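Asks: Please find query_27.txt (compact mmCIF, C-alpha atoms and all ligand atoms) on the next line:
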```
# COMPACT_ATOMS: atom_id res chain seq x y z
CA MET A 814 -8.69 -3.34 9.51
CA LYS A 815 -12.43 -2.85 9.69
CA ALA A 816 -14.31 -0.41 7.45
CA ARG A 817 -18.04 0.13 7.92
CA SER A 818 -20.40 2.05 5.64
CA LEU A 819 -17.62 4.18 4.20
CA THR A 820 -18.88 6.86 1.86
CA LYS A 821 -17.08 9.51 -0.13
CA ALA A 822 -18.83 12.27 -2.02
CA TYR A 823 -17.55 15.38 -3.77
CA ASP A 824 -19.65 18.55 -3.94
CA SER A 825 -18.67 19.05 -7.54
CA GLU A 826 -21.15 20.03 -10.23
CA PRO A 827 -22.74 17.54 -10.70
CA PRO A 828 -22.04 16.01 -7.25
CA VAL A 829 -20.13 12.72 -7.36
CA GLU A 830 -20.64 9.79 -5.02
CA VAL A 831 -17.36 7.90 -5.29
CA LEU A 832 -17.87 5.36 -2.48
CA ARG A 833 -21.31 4.12 -1.48
CA GLY A 834 -21.30 2.30 1.85
CA VAL A 835 -18.16 0.18 1.66
CA ASN A 836 -17.77 -2.58 4.30
CA LEU A 837 -14.44 -4.36 4.39
CA ASP A 838 -12.51 -6.50 6.87
CA VAL A 839 -8.86 -7.37 6.46
CA GLU A 840 -7.52 -9.60 9.23
CA ARG A 841 -3.92 -9.99 10.32
CA GLY A 842 -2.23 -12.47 8.02
CA GLU A 843 -4.97 -12.20 5.39
CA ARG A 844 -4.30 -11.38 1.73
CA VAL A 845 -7.12 -9.37 0.19
CA ALA A 846 -7.46 -8.12 -3.38
CA ILE A 847 -9.85 -5.49 -4.73
CA VAL A 848 -10.41 -5.38 -8.46
CA GLY A 849 -12.49 -2.95 -10.46
CA PRO A 850 -12.56 -0.84 -13.59
CA SER A 851 -10.92 2.57 -13.88
CA GLY A 852 -12.93 5.25 -12.11
CA ALA A 853 -14.62 2.74 -9.74
CA GLY A 854 -13.18 4.47 -6.65
CA LYS A 855 -10.23 2.16 -5.94
CA SER A 856 -7.65 4.91 -5.39
CA THR A 857 -10.11 6.87 -3.29
CA LEU A 858 -10.76 3.82 -1.11
CA LEU A 859 -7.05 3.06 -0.74
CA ASN A 860 -6.32 6.66 0.25
CA ILE A 861 -9.05 6.54 2.89
CA LEU A 862 -7.88 3.18 4.27
CA GLY A 863 -4.32 4.60 4.31
CA LEU A 864 -5.45 7.67 6.31
CA LEU A 865 -4.35 9.92 3.46
CA ASP A 866 -7.90 11.10 2.81
CA GLU A 867 -11.03 11.30 4.97
CA PRO A 868 -14.34 9.62 4.20
CA SER A 869 -17.56 11.63 4.06
CA GLY A 870 -19.18 9.05 6.36
CA GLY A 871 -18.71 5.69 8.02
CA SER A 872 -16.07 4.31 10.32
CA LEU A 873 -12.61 2.81 10.02
CA GLU A 874 -10.70 0.84 12.65
CA ILE A 875 -7.08 -0.13 12.08
CA LEU A 876 -5.78 -2.93 14.32
CA GLY A 877 -8.27 -1.98 17.00
CA SER A 878 -7.76 1.80 16.83
CA ALA A 879 -10.68 3.96 15.74
CA THR A 880 -9.44 6.40 13.11
CA HIS A 881 -12.61 8.32 12.21
CA THR A 882 -12.71 9.99 15.62
CA ALA A 883 -8.93 10.43 15.94
CA SER A 884 -7.18 13.80 15.83
CA PRO A 885 -4.97 14.60 12.83
CA ALA A 886 -1.87 14.05 14.99
CA ARG A 887 -3.13 10.67 16.12
CA ARG A 888 -3.94 9.70 12.52
CA ASP A 889 -0.40 10.67 11.46
CA LYS A 890 0.99 8.49 14.24
CA LEU A 891 -1.21 5.53 13.26
CA ARG A 892 -0.22 5.97 9.62
CA SER A 893 3.50 6.00 10.28
CA GLU A 894 3.45 3.22 12.89
CA LEU A 895 0.93 0.78 11.44
CA LEU A 896 0.75 1.25 7.69
CA GLY A 897 3.04 0.32 4.82
CA PHE A 898 2.41 1.72 1.34
CA VAL A 899 3.26 0.55 -2.14
CA PHE A 900 1.73 3.21 -4.36
CA GLN A 901 1.84 3.58 -8.13
CA ASP A 902 3.94 6.70 -8.28
CA ALA A 903 6.18 4.90 -5.73
CA HIS A 904 7.20 8.10 -3.86
CA VAL A 905 10.86 7.25 -4.44
CA LEU A 906 13.20 10.11 -3.47
CA GLY A 907 15.01 10.86 -6.72
CA HIS A 908 18.04 12.65 -5.27
CA ARG A 909 18.72 9.89 -2.71
CA THR A 910 20.30 6.54 -3.43
CA VAL A 911 18.33 3.31 -3.31
CA ALA A 912 19.97 2.39 0.02
CA GLU A 913 19.24 5.87 1.44
CA ASN A 914 15.60 5.62 0.41
CA ILE A 915 15.30 2.56 2.63
CA GLU A 916 17.54 3.84 5.40
CA LEU A 917 15.34 6.88 5.84
CA LYS A 918 12.43 4.59 6.62
CA LEU A 919 14.53 2.64 9.17
CA ALA A 920 15.69 5.88 10.77
CA ILE A 921 12.10 7.10 11.11
CA ARG A 922 11.20 3.79 12.77
CA GLY A 923 14.08 4.19 15.21
CA VAL A 924 16.14 1.21 14.01
CA PRO A 925 19.71 1.67 15.35
CA ARG A 926 22.26 2.70 12.74
CA ARG A 927 24.40 -0.43 13.13
CA GLN A 928 21.44 -2.70 12.28
CA ARG A 929 20.39 -0.79 9.18
CA PHE A 930 23.03 -1.95 6.70
CA GLY A 931 22.20 -5.64 7.10
CA LEU A 932 18.44 -5.07 6.80
CA ILE A 933 18.90 -2.94 3.67
CA ALA A 934 21.20 -5.49 2.01
CA ALA A 935 18.82 -8.37 2.80
CA ILE A 936 15.68 -6.70 1.45
CA LEU A 937 17.45 -5.35 -1.66
CA ALA A 938 18.69 -8.86 -2.42
CA ARG A 939 15.12 -10.16 -2.12
CA VAL A 940 13.77 -7.69 -4.69
CA GLY A 941 16.82 -8.08 -6.95
CA LEU A 942 18.13 -4.54 -6.50
CA ASN A 943 21.37 -5.07 -4.56
CA HIS A 944 23.42 -4.03 -7.59
CA ARG A 945 21.45 -0.74 -7.64
CA SER A 946 22.04 0.10 -3.99
CA ARG A 947 24.16 3.21 -4.76
CA SER A 948 22.09 4.41 -7.74
CA LEU A 949 20.06 7.57 -7.39
CA GLY A 950 16.31 6.97 -7.19
CA ARG A 951 15.64 9.10 -10.24
CA LEU A 952 17.82 6.85 -12.41
CA LEU A 953 15.71 3.74 -11.77
CA SER A 954 13.27 2.35 -14.31
CA GLY A 955 9.57 2.18 -13.46
CA GLY A 956 9.82 -1.47 -12.47
CA GLU A 957 12.91 -0.84 -10.33
CA LYS A 958 11.16 2.05 -8.54
CA GLN A 959 8.27 -0.24 -7.84
CA ARG A 960 10.57 -2.91 -6.37
CA LEU A 961 12.27 -0.24 -4.26
CA ALA A 962 8.87 0.89 -2.96
CA ILE A 963 8.12 -2.73 -2.02
CA ALA A 964 11.51 -3.14 -0.34
CA ARG A 965 10.94 0.04 1.67
CA ALA A 966 7.45 -1.02 2.72
CA LEU A 967 8.61 -4.47 3.88
CA VAL A 968 12.01 -3.71 5.44
CA THR A 969 10.01 -3.23 8.63
CA THR A 970 6.83 -5.19 9.42
CA PRO A 971 3.76 -2.96 9.04
CA GLY A 972 0.43 -3.90 10.62
CA VAL A 973 -1.31 -3.36 7.30
CA LEU A 974 0.27 -3.24 3.84
CA LEU A 975 -1.64 -1.22 1.23
CA ALA A 976 -0.56 -1.78 -2.36
CA ASP A 977 -1.83 -0.13 -5.56
CA GLU A 978 -1.06 -2.24 -8.66
CA PRO A 979 2.18 -3.53 -7.08
CA THR A 980 2.98 -5.74 -10.08
CA GLY A 981 1.84 -3.26 -12.73
CA ASN A 982 5.30 -2.48 -14.14
CA LEU A 983 6.87 -5.87 -13.50
CA ASP A 984 7.65 -8.89 -15.65
CA ASP A 985 6.30 -12.29 -14.56
CA SER A 986 9.41 -13.26 -12.63
CA ASN A 987 9.54 -10.04 -10.60
CA ALA A 988 5.77 -10.12 -10.12
CA GLY A 989 6.15 -13.64 -8.69
CA THR A 990 8.83 -12.42 -6.28
CA VAL A 991 6.59 -9.61 -5.09
CA LEU A 992 3.76 -12.04 -4.37
CA GLU A 993 6.21 -14.26 -2.45
CA LEU A 994 7.27 -11.26 -0.36
CA PHE A 995 3.60 -10.50 0.32
CA ASP A 996 3.07 -14.16 1.31
CA GLU A 997 5.95 -13.95 3.78
CA ALA A 998 4.59 -10.69 5.18
CA ALA A 999 1.15 -12.29 5.62
CA LYS A 1000 2.80 -15.24 7.43
CA ARG A 1001 4.36 -12.70 9.83
CA GLY A 1002 0.83 -11.42 10.53
CA VAL A 1003 0.67 -8.44 8.17
CA ALA A 1004 -2.79 -7.67 6.75
CA VAL A 1005 -2.15 -7.34 3.01
CA LEU A 1006 -4.54 -5.34 0.80
CA VAL A 1007 -3.86 -5.09 -2.93
CA ILE A 1008 -5.75 -3.04 -5.48
CA THR A 1009 -5.28 -4.41 -8.97
CA HIS A 1010 -6.48 -4.96 -12.50
CA ASP A 1011 -4.57 -8.24 -12.57
CA SER A 1012 -6.95 -11.19 -12.16
CA ARG A 1013 -3.99 -13.44 -11.26
CA ILE A 1014 -3.53 -11.41 -8.07
CA ALA A 1015 -7.21 -11.75 -7.32
CA ASP A 1016 -6.80 -15.53 -7.66
CA TRP A 1017 -3.75 -15.48 -5.38
CA ALA A 1018 -5.55 -13.60 -2.61
CA ASP A 1019 -7.38 -15.31 0.25
CA SER A 1020 -10.38 -13.06 -0.35
CA SER A 1021 -11.17 -10.87 -3.31
CA TYR A 1022 -13.73 -8.16 -3.92
CA LEU A 1023 -15.10 -6.23 -6.85
CA LEU A 1024 -15.49 -2.45 -6.67
CA ILE A 1025 -17.87 -1.05 -9.26
CA ASP A 1026 -19.23 2.49 -9.10
CA GLY A 1027 -18.25 2.78 -5.46
CA VAL A 1028 -20.04 -0.43 -4.43
CA LEU A 1029 -17.92 -3.24 -3.02
CA SER A 1030 -19.06 -6.84 -3.43
CA THR A 1031 -17.50 -10.20 -2.67
CA ARG A 1032 -15.81 -12.01 -5.55
CA LYS A 1033 -14.58 -15.02 -3.61
P1 LIG B 1 -4.90 7.47 -11.15
O1 LIG B 1 -6.08 6.55 -11.30
O2 LIG B 1 -3.88 7.30 -12.24
O3 LIG B 1 -4.32 7.52 -9.79
P2 LIG B 1 -6.12 10.01 -10.46
O4 LIG B 1 -6.39 9.43 -9.14
O5 LIG B 1 -5.32 11.24 -10.57
O6 LIG B 1 -5.49 8.92 -11.46
O7 LIG B 1 -7.49 10.28 -11.15
C1 LIG B 1 -8.44 9.26 -11.31
C2 LIG B 1 -9.69 9.84 -11.91
O8 LIG B 1 -10.19 10.87 -11.06
C3 LIG B 1 -9.46 10.48 -13.27
O9 LIG B 1 -10.54 10.14 -14.10
C4 LIG B 1 -9.43 11.96 -12.96
O10 LIG B 1 -9.88 12.71 -14.07
C5 LIG B 1 -10.39 12.06 -11.80
N1 LIG B 1 -10.10 13.19 -10.91
C6 LIG B 1 -9.00 13.36 -10.15
N2 LIG B 1 -9.06 14.50 -9.47
C7 LIG B 1 -10.25 15.05 -9.80
C8 LIG B 1 -10.92 16.25 -9.45
N3 LIG B 1 -10.35 17.12 -8.59
N4 LIG B 1 -12.11 16.51 -9.96
C9 LIG B 1 -12.68 15.63 -10.81
N5 LIG B 1 -12.12 14.49 -11.20
C10 LIG B 1 -10.92 14.22 -10.71
P1 LIG B 2 -10.06 4.35 -9.61
O1 LIG B 2 -8.85 4.39 -8.73
O2 LIG B 2 -10.90 3.13 -9.41
O3 LIG B 2 -9.71 4.57 -11.05
P2 LIG B 2 -10.68 6.87 -8.35
O4 LIG B 2 -10.83 6.59 -6.89
O5 LIG B 2 -9.40 7.49 -8.80
O6 LIG B 2 -11.00 5.56 -9.18
O7 LIG B 2 -11.86 7.84 -8.81
C1 LIG B 2 -13.21 7.48 -8.61
C2 LIG B 2 -14.14 8.59 -9.09
O8 LIG B 2 -13.97 9.72 -8.28
C3 LIG B 2 -13.85 9.05 -10.51
O9 LIG B 2 -15.08 9.11 -11.19
C4 LIG B 2 -13.28 10.42 -10.34
O10 LIG B 2 -13.65 11.24 -11.41
C5 LIG B 2 -13.87 10.89 -9.04
N1 LIG B 2 -13.05 11.85 -8.30
C6 LIG B 2 -11.83 11.60 -7.76
N2 LIG B 2 -11.37 12.69 -7.13
C7 LIG B 2 -12.32 13.64 -7.28
C8 LIG B 2 -12.48 14.99 -6.84
N3 LIG B 2 -11.52 15.59 -6.11
N4 LIG B 2 -13.59 15.66 -7.16
C9 LIG B 2 -14.56 15.05 -7.89
N5 LIG B 2 -14.49 13.79 -8.33
C10 LIG B 2 -13.40 13.09 -8.02
```
Show me the file's structure as structure tokens.
Ligand code: ADP
Ligand code: ADP

Replies:
Amino acid sequence: MKARSLTKAYDSEPPVEVLRGVNLDVERGERVAIVGPSGAGKSTLLNILGLLDEPSGGSLEILGSATHTASPARRDKLRSELLGFVFQDAHVLGHRTVAENIELKLAIRGVPRRQRFGLIAAILARVGLNHRSRSLGRLLSGGEKQRLAIARALVTTPGVLLADEPTGNLDDSNAGTVLELFDEAAKRGVAVLVITHDSRIADWADSSYLLIDGVLSTRK
């Protein structure tokens, strides 16, 4: 993933410049963390990198595909084929079971029905949710929803994994498991980008950056 001179401005009164010329590279197999205070522009940046929002200026390439010049249909295709999301509100379907939440993702990716059960059981075991497989999404705790979101993102292998505070609701043991899963994904060649307040994640990452007032700088 290669971002160059990304800017985002809102024509509010007064006008707000949320991102000011962000340059960022995340290679396959690299684990990158971005830390910064509330209001720094982290969510805005993650939404732009996830093709959920458009920048005001600059360019963004994802695994060799230019996205800033792509049509909306092409962007949708890139998003669903290349990107995996672990977002704070988790986007868990409340009226579906845990297993169904993951199966839907496999169905969208065209994984044959007979292969789905084994993949679902394996990833749920990894995140410690196998006993919750038949529970409705809305009955999960915040931490369980977060682990479900991680299971869903990693049941297939995305090109780029975008995570917003993935360990925010988790105890140390579950947070450790999540980082292990991210390590394994990186070893399979996934580019892993995590936005966090947690300095331990920044220490875990291969590269970390600070975002302050829309300006990104290298931390390590
Ligand atoms: P979170 O950081 O929990 O995801 P939001 O992204 O909803 O929260 O909002 C982050 C910040 O952006 C907050 O300070 C919020 O007030 C501000 N914000 C969100 N939407 C707007 C808007 N349309 N106009 C002005 N400020 C906004
Ligand atoms: P962070 O995730 O680092 O907390 P955000 O990306 O949510 O930061 O927000 C960065 C800044 O952008 C905030 O100052 C917020 O008020 C502003 N902002 C976000 N959305 C809007 C919007 N739609 N209109 C105006 N300002 C916005």

Asks: Can you work out which one of A:Gly897, A:His904, A:Leu1006, A:Ala1018 has the shortest atom-to-atom distance to A:Arg951, counting all atoms listed in the file?

Replies: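 Closest to A:Arg951 of all the choices is A:His904.
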
Asks: Name the closest residue to A:Pro850 among the candidates A:Val1005, A:Tyr1022, A:His1010, A:Gly1027; distances are taken between atoms, counting all atoms listed in the file.

Replies: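 When distances to A:Pro850 are compared using all atoms listed in the file, the smallest one comes from A:His1010.
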
Asks: Stretch 929-947 of chain A, all listed atoms, 4 Å padding on each side: what axis-aligned box centre and edge lengths in Å to one decimal come out, as JSON?

Replies:
```
{"center_x": 19.0, "center_y": -3.5, "center_z": 0.8, "size_x": 18.4, "size_y": 21.4, "size_z": 24.8}
```

Asks: Nearest to ligand LIG 1 (chain B): which of A:Lys890, A:Lys855, A:Lys958, A:Lys1033 is it, counting all atoms listed in the file?

Replies: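 Distance minimum relative to ligand LIG 1 (chain B) lands on A:Lys855.
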
Asks: Tell me which of A:Ser818, A:Thr1009, A:Ser869, A:Gln959 sits closest to ligand LIG 2 (chain B), counting only C-alpha atoms and all ligand atoms.

Replies: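 Going through A:Ser818, A:Thr1009, A:Ser869, A:Gln959 one by one, the smallest distance to ligand LIG 2 (chain B) is for A:Thr1009.
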
Asks: Considering all atoms listed in the file, return as a list of chain:residue names whatever protein or nucleic-acid residues lie within 12 Å of stretch 883-889 of chain A, sequence-local ones (same chain, fewer than 5 positions apart) excluded.

Replies: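 With the cut-off at 12 Å, the set is A:Ile861, A:Leu862, A:Gly863, A:Leu864, A:Leu865, A:Asp866, A:Glu867, A:Ser872, A:Leu873, A:Glu874, A:Ile875, A:Ser878, A:Glu894, A:Leu895, A:Leu896.
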
Asks: At what distance in Å, to one decimal, does atom CA of A:Glu840 lie from atom CA of A:Val940?

Replies: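 Atom-to-atom, atom CA of A:Val940 and atom CA of A:Glu840 are spaced 25.5 Å apart.
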
Asks: I'd like to know which of A:Glu830, A:Asp996, A:Asp1026, A:Glu978 is closest to A:Ile1008, using only C-alpha atoms.

Replies: A:Glu978

Asks: Neighbourhood query: residues within 9 Å of (0.1, -13.1, 8.8), file coordinates, counting all atoms listed in the file; return as a tab-separated table (two decimals) with C-alpha atoms, keeping the file's coordinate frame.

Replies:
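That gives us point_23.tsv:
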```tsv
chain	number	residue	atom	x	y	z
A	840	GLU	CA	-7.52	-9.60	9.23
A	841	ARG	CA	-3.92	-9.99	10.32
A	842	GLY	CA	-2.23	-12.47	8.02
A	843	GLU	CA	-4.97	-12.20	5.39
A	844	ARG	CA	-4.30	-11.38	1.73
A	996	ASP	CA	3.07	-14.16	1.31
A	997	GLU	CA	5.95	-13.95	3.78
A	998	ALA	CA	4.59	-10.69	5.18
A	999	ALA	CA	1.15	-12.29	5.62
A	1000	LYS	CA	2.80	-15.24	7.43
A	1001	ARG	CA	4.36	-12.70	9.83
A	1002	GLY	CA	0.83	-11.42	10.53
A	1003	VAL	CA	0.67	-8.44	8.17
A	1004	ALA	CA	-2.79	-7.67	6.75
A	1005	VAL	CA	-2.15	-7.34	3.01
```

Asks: Measuring between only C-alpha atoms and all ligand atoms, which one of A:Leu953, A:Leu837, A:Met814, A:Leu859 shows the shortest distance to ligand LIG 2 (chain B)?

Replies: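 When distances to ligand LIG 2 (chain B) are compared using only C-alpha atoms and all ligand atoms, the smallest one comes from A:Leu859.
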
Asks: How would you report the residues lying within 8 Å of ligand LIG 1 (chain B), as a list in words, if you count all atoms listed in the file?

Replies: Ser825, Ser851, Gly852, Ser856, Thr857 and Gln901 of chain A

Asks: So what do you get for atom CA of A:Arg833 versus atom CA of A:Leu975, distance-wise?

Replies: 20.6 Å
